[in-house]
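Below: one structure, written as structure tokens.
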Amino acid sequence: MTSNARSNIAVKTVDRGFGALFRYETSKVVQISSIKVSVIYRLIQLLIIAYVIGWVVVYKKGYQDFDDVVSGVTTKVKGVQYTNLTGTSIGARIWDVADYVVPPQENNAFFITTNAVVTRDQTQGACDEDPSVAPCFSDADCPAGKPQMLGNGVNTGRCVPSSQAPNKTSCEILAWCPVEVDQLPAGGTMFPEAVNFTVLIKDSIEFPLFGVKRRNVLDYYNSSQLQNCVYNPDTDMYCPVFRIGDILKLAGIDNFTKIATVGGVVSITVNWDCNLDWDASYCNPTYRFRRLDDENTKIAKGWNFRYANYYRINDTDHRTLIKAYGLRFVVYVTGRAGRFNVIPLTMNLGSGLALLGIATVLCDMIVLYLHHKKVIYRGAKYETLEDDDAYRLMNEEDDGLLSETSQDARQRVRASAQVLDPPGGNYGAIE
Ligand SMILES: *[C@@H]1O[C@H](CO)[C@@H](O)[C@H](O)[C@H]1NC(C)=O
């Protein structure tokens with residue numbers, strides 16, 4: 001290639017680039033009378049309209065304004081358990097709600113004790129540490145003043161016989177004495193009756209945007225009905241009283257004894273999905289239950305924690321230490337309400353109408369690039385005219401893109417822009 005030819009190409013490229021600046025484009029309507037293409041065009045339009053009306057507006061409620069739920073939950077557990085564990089630190093006793101619901105009030109949650117290690121009458125003093133935490137052979141193993149971080153107190157410096165296990169010795173510590181013996185008294189759960197305990201969940205909600213307030217305790221229950229009803233997803237789905245055994249079953253837990261022995265966490269989801277185009281009395285909750293802890297973990301299973309009850313005798317502090325195992329229920333409230341509003345409706349319809357442009361783009365592609373008469377259609381769609389003051393760098397040896405004579409142009413304009421698609425497939429009429 002000579003350098004002359006190369007510079008020629010460069011000039012042409014520049015010419016086309018600048019040429020675009022000096023070319024005005026106006027739209028022209030080309031009607032194509034083709035049954036195939038027009039059927040495709042109408043089908044695509046129909047699909048888009050069906051999508052906008054059916055999915056966006058009707059199914060996804062595109063005609064509504066939405067608001068999220070604001071909620072407050074309180075719970076009240078009912079039930080008693082008698083434990084006959086004479087010979088242990090628990091003894092024969094009754095456990096009522098104030099005993100086994102710890103703490104008495106929580107935000108969106110409640111805990112029911114189902115097993116416990118109770119250590120009575122602890123006072124501050126010196127005693128032997130748990131031998132599994134602080135084993136020793138001589139006083140040298142128990143440096144004085146060193147805290148037993150995983151145990152219960154601070155070393156006194158002595159190694160003493162253990163009161164928990166015969167033939168063993170452990171460090172003596174300053175602590176709440178005697179220290180806890182971390183062993184569950186009963187074989188399984190201490191609270192087999194807990195399966196029949198019930199809980200009333202009171203949930204008051206509001207959709208602030210619409211000023212609508214609802215409660216899950218519906219007005220059509222009177223107080224005796226409320227006392228006697230039990231939630232059942234099939235027969236009594238609006239009763240706000242839940243049997244613990246039912247909650248666990250609906251969460252997929254069949255073995256009550258197993259979960260009650262080591263404890264566990266279960267979520268209760270109250271879902272308010274409301275269409276406020278109907279009366280607010282149709283706005284009612286549904287409930288879902290799910291186990292949150294993994295029962296198959298190898299270590300640190302279940303749910304437990306320690307707390308103490310303090311009292312004072314003869315100017316000495318005493319306490320009862322309780323390591324409680326049990327079921328923790330967490331209440332989640334979710335929900336959304338919708339109500340008709342013109343603004344989302346017009347916005348959704350507007351964006352839906354804009355989608356109709358896709359039909360034109362797709363059919364243009366078919367007609368200009370895929371159809372077997374694409375060359376003819378393209379010829380009819382794009383037309384270049386030149387005015388006397390047209391921008392030109394190259395003259396007669398141009399590649400023809402800009403060099404159409406005004407004679408040709410006039411002839412082209414005279415030819416109708418309408419392209420007919422007769423059944424015989426004769427397209428000769430264009431030139
Ligand atoms: C729970 O209540 C049912 C029905 O009242 C009773 O048959 C069942 O024995 C109770 N379960 C326990 C563990 O007490």
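Just so we're on the same page: first chain in the structure tokens is A, next is B, and so on; residues restart at 1 for each chain, and ligands are numbered from 1 in the order they show up.
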Surroundings of ligand 1 up to 8 Å, based on only C-alpha atoms and all ligand atoms, as a list in words: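 Counting only C-alpha atoms and all ligand atoms, the residues within 8 Å of ligand 1 come out as Pro192, Glu193, Ala194, Val195 and Asn196 of chain A.
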8 Å contact set for segment 353-358 of chain A, only C-alpha atoms, chain neighbours under 3 positions out, as a list in words: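 Here the answer would be Gln45, Ile48, Ile49, Leu349, Gly350, Val361 and Leu362 of chain A.
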With the cut-off set at 9 Å and counting only C-alpha atoms, tabulate each residue of segment 78-180 of chain A with an atom at most that distance from an atom of segment 331-335 of chain A, showing the nearest atom pair and its distance in Å to one decimal, ordered by chain and increasing number, as JSON lines.
```
{"residue": "A:Asn107", "atom": "CA", "partner": "A:Val331", "partner_atom": "CA", "distance": 8.7}
{"residue": "A:Asn108", "atom": "CA", "partner": "A:Val331", "partner_atom": "CA", "distance": 5.0}
{"residue": "A:Ala109", "atom": "CA", "partner": "A:Val331", "partner_atom": "CA", "distance": 5.6}
{"residue": "A:Phe110", "atom": "CA", "partner": "A:Val331", "partner_atom": "CA", "distance": 8.4}
```
Residue list (alpha helix (DSSP H), DSSP) for segment 214-376 of chain A, as an MDAnalysis selection string: chainID A and resid 223:228 244:250 256:262 342:355 357:365 374:376
Excluding same-chain residues fewer than 6 positions from Tyr220 of chain A, what lies within 12 Å of it counting only C-alpha atoms, as an mmCIF file with N, CA, C and O atoms, in the first residue's frame?
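Written output follows (out-v7.cif):
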```cif
data_model
loop_
_atom_site.group_PDB
_atom_site.id
_atom_site.type_symbol
_atom_site.label_atom_id
_atom_site.label_comp_id
_atom_site.auth_asym_id
_atom_site.auth_seq_id
_atom_site.Cartn_x
_atom_site.Cartn_y
_atom_site.Cartn_z
ATOM 1 N N LEU A 226 -61.532 -17.193 74.452
ATOM 2 C CA LEU A 226 -60.092 -16.961 74.382
ATOM 3 C C LEU A 226 -59.354 -17.890 75.339
ATOM 4 O O LEU A 226 -58.263 -18.362 75.063
ATOM 5 N N TYR A 238 -56.886 -18.356 63.952
ATOM 6 C CA TYR A 238 -56.773 -16.998 64.487
ATOM 7 C C TYR A 238 -56.709 -16.975 66.004
ATOM 8 O O TYR A 238 -56.636 -15.904 66.604
ATOM 9 N N CYS A 239 -56.739 -18.146 66.652
ATOM 10 C CA CYS A 239 -56.634 -18.185 68.109
ATOM 11 C C CYS A 239 -55.208 -17.816 68.507
ATOM 12 O O CYS A 239 -54.248 -18.412 68.020
ATOM 13 N N SER A 281 -61.028 -5.433 58.733
ATOM 14 C CA SER A 281 -61.280 -6.650 59.509
ATOM 15 C C SER A 281 -60.798 -7.896 58.767
ATOM 16 O O SER A 281 -60.681 -8.960 59.349
#
```
What's around Thr123 of chain A at 7 Å? Count only C-alpha atoms, leave out sequence neighbours fewer than 6 positions away in its own chain, and write the answer as a short mmCIF file (atom, residue, chain, number, x, y, z; two decimals) with C-alpha atoms, in the first residue's frame.
```
data_model
loop_
_atom_site.label_atom_id
_atom_site.label_comp_id
_atom_site.auth_asym_id
_atom_site.auth_seq_id
_atom_site.Cartn_x
_atom_site.Cartn_y
_atom_site.Cartn_z
CA TRP A 176 -19.86 -18.86 96.60
CA CYS A 177 -19.76 -22.19 98.45
CA ASP A 317 -25.78 -13.07 102.00
CA HIS A 318 -27.11 -16.34 100.67
CA ARG A 319 -28.14 -17.30 97.19
#
```
Backbone-only DSSP, strand (DSSP E or B) members of segment 140-190 of chain A, as a PyMOL selection string: chain A and resi 147+154-161+169-177
Writing out the chosen residues with N, CA and C atoms as a PDB file, in the first residue's frame:
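out.pdb was written with the following content:
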```
ATOM      1  N   PRO A 147      -7.050 -16.668  89.803  1.00  0.00           N
ATOM      2  CA  PRO A 147      -8.470 -16.956  89.583  1.00  0.00           C
ATOM      3  C   PRO A 147      -8.668 -18.176  88.682  1.00  0.00           C
ATOM      4  N   VAL A 154     -11.262 -17.954  93.370  1.00  0.00           N
ATOM      5  CA  VAL A 154      -9.841 -17.615  93.389  1.00  0.00           C
ATOM      6  C   VAL A 154      -9.120 -18.558  94.354  1.00  0.00           C
ATOM      7  N   ASN A 155      -7.981 -19.102  93.901  1.00  0.00           N
ATOM      8  CA  ASN A 155      -7.239 -20.080  94.724  1.00  0.00           C
ATOM      9  C   ASN A 155      -6.848 -19.502  96.082  1.00  0.00           C
ATOM     10  N   THR A 156      -6.943 -20.366  97.113  1.00  0.00           N
ATOM     11  CA  THR A 156      -6.411 -19.962  98.420  1.00  0.00           C
ATOM     12  C   THR A 156      -4.964 -20.410  98.566  1.00  0.00           C
ATOM     13  N   GLY A 157      -4.511 -21.325  97.703  1.00  0.00           N
ATOM     14  CA  GLY A 157      -3.137 -21.821  97.786  1.00  0.00           C
ATOM     15  C   GLY A 157      -3.067 -23.234  98.328  1.00  0.00           C
ATOM     16  N   ARG A 158      -4.233 -23.829  98.625  1.00  0.00           N
ATOM     17  CA  ARG A 158      -4.210 -25.185  99.198  1.00  0.00           C
ATOM     18  C   ARG A 158      -4.813 -26.186  98.215  1.00  0.00           C
ATOM     19  N   CYS A 159      -4.306 -27.433  98.276  1.00  0.00           N
ATOM     20  CA  CYS A 159      -4.881 -28.527  97.496  1.00  0.00           C
ATOM     21  C   CYS A 159      -5.614 -29.412  98.501  1.00  0.00           C
ATOM     22  N   VAL A 160      -6.921 -29.605  98.301  1.00  0.00           N
ATOM     23  CA  VAL A 160      -7.718 -30.304  99.322  1.00  0.00           C
ATOM     24  C   VAL A 160      -8.521 -31.447  98.687  1.00  0.00           C
ATOM     25  N   PRO A 161      -8.961 -32.429  99.509  1.00  0.00           N
ATOM     26  CA  PRO A 161      -9.797 -33.510  98.979  1.00  0.00           C
ATOM     27  C   PRO A 161     -11.099 -32.939  98.434  1.00  0.00           C
ATOM     28  N   THR A 169      -8.537 -34.879  94.413  1.00  0.00           N
ATOM     29  CA  THR A 169      -8.225 -33.644  95.123  1.00  0.00           C
ATOM     30  C   THR A 169      -8.377 -32.479  94.146  1.00  0.00           C
ATOM     31  N   SER A 170      -8.697 -31.309  94.701  1.00  0.00           N
ATOM     32  CA  SER A 170      -8.808 -30.126  93.843  1.00  0.00           C
ATOM     33  C   SER A 170      -8.384 -28.902  94.638  1.00  0.00           C
ATOM     34  N   CYS A 171      -8.140 -27.819  93.922  1.00  0.00           N
ATOM     35  CA  CYS A 171      -7.704 -26.594  94.577  1.00  0.00           C
ATOM     36  C   CYS A 171      -8.823 -26.047  95.461  1.00  0.00           C
ATOM     37  N   GLU A 172      -8.429 -25.492  96.576  1.00  0.00           N
ATOM     38  CA  GLU A 172      -9.416 -24.804  97.404  1.00  0.00           C
ATOM     39  C   GLU A 172      -9.548 -23.374  96.870  1.00  0.00           C
ATOM     40  N   ILE A 173     -10.763 -22.877  96.843  1.00  0.00           N
ATOM     41  CA  ILE A 173     -10.985 -21.530  96.304  1.00  0.00           C
ATOM     42  C   ILE A 173     -11.869 -20.706  97.229  1.00  0.00           C
ATOM     43  N   LEU A 174     -11.727 -19.394  97.075  1.00  0.00           N
ATOM     44  CA  LEU A 174     -12.688 -18.469  97.687  1.00  0.00           C
ATOM     45  C   LEU A 174     -13.807 -18.272  96.679  1.00  0.00           C
ATOM     46  N   ALA A 175     -15.039 -18.577  97.097  1.00  0.00           N
ATOM     47  CA  ALA A 175     -16.133 -18.549  96.120  1.00  0.00           C
ATOM     48  C   ALA A 175     -17.458 -18.531  96.855  1.00  0.00           C
ATOM     49  N   TRP A 176     -18.545 -18.552  96.035  1.00  0.00           N
ATOM     50  CA  TRP A 176     -19.860 -18.865  96.597  1.00  0.00           C
ATOM     51  C   TRP A 176     -19.849 -20.372  96.838  1.00  0.00           C
ATOM     52  N   CYS A 177     -19.944 -20.782  98.111  1.00  0.00           N
ATOM     53  CA  CYS A 177     -19.761 -22.186  98.453  1.00  0.00           C
ATOM     54  C   CYS A 177     -21.056 -22.777  98.999  1.00  0.00           C
TER      55      CYS A 177
END
```
Nearest to Thr297 of chain A by atom-to-atom distance, counting only C-alpha atoms, from A:Cys274, A:Val102, A:Val262, A:Leu46: A:Val262
Residue nearest Gly188 of chain A - candidates A:Val58, A:Met347, A:Ala260, A:Ile35, atoms counted: only C-alpha atoms: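 Smallest separation from Gly188 of chain A among the options: A:Ala260.
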Residues within 10 Å of Pro285 of chain A, only C-alpha atoms, excluding chain neighbours under 2 positions, as a ChimeraX atom specification: /A:203,214-217,237-238,240,269-274,282-283,287,333-335
Quick one: write out the picked residues with C-alpha atoms as a short mmCIF file (atom, residue, chain, number, x, y, z; two decimals), in the first residue's frame?
```cif
data_model
loop_
_atom_site.label_atom_id
_atom_site.label_comp_id
_atom_site.auth_asym_id
_atom_site.auth_seq_id
_atom_site.Cartn_x
_atom_site.Cartn_y
_atom_site.Cartn_z
CA ASP A 203 -49.41 -8.54 69.05
CA ARG A 214 -54.93 -4.21 64.33
CA ARG A 215 -54.51 -6.82 67.06
CA ASN A 216 -54.03 -10.55 66.70
CA VAL A 217 -56.56 -11.01 69.52
CA MET A 237 -55.95 -20.32 62.79
CA TYR A 238 -56.77 -17.00 64.49
CA PRO A 240 -53.67 -16.39 69.75
CA THR A 269 -43.19 -15.45 62.90
CA VAL A 270 -46.39 -13.43 62.90
CA ASN A 271 -47.01 -12.28 59.36
CA TRP A 272 -49.49 -9.56 58.43
CA ASP A 273 -50.09 -9.46 54.70
CA CYS A 274 -52.96 -7.06 54.21
CA TYR A 282 -59.93 -8.90 56.73
CA CYS A 283 -56.41 -7.92 57.83
CA TYR A 287 -48.14 -17.79 61.98
CA VAL A 333 -43.47 -9.74 63.31
CA THR A 334 -43.37 -9.14 59.58
CA GLY A 335 -45.91 -7.69 57.23
#
```
Gln227 of chain A surroundings by only C-alpha atoms, 10 Å radius, close-in-sequence under 3 positions cut, as a ChimeraX atom specification: /A:200,221-224,230,239-241
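Take the candidates A:Ala140, A:Ala337, A:Leu43, A:Met149 and check each one against Gln64 of chain A using only C-alpha atoms; the shortest distance goes to A:Ala337.
Each of A:Asn348, A:Arg378, A:Tyr325, A:Glu383 was checked against Gly62 of chain A using only C-alpha atoms; the smallest atom-to-atom distance is that of A:Asn348.
Picture a line from atom CA of Phe210 of chain A to atom CA of Thr74 of chain A; it runs 23.8 Å.
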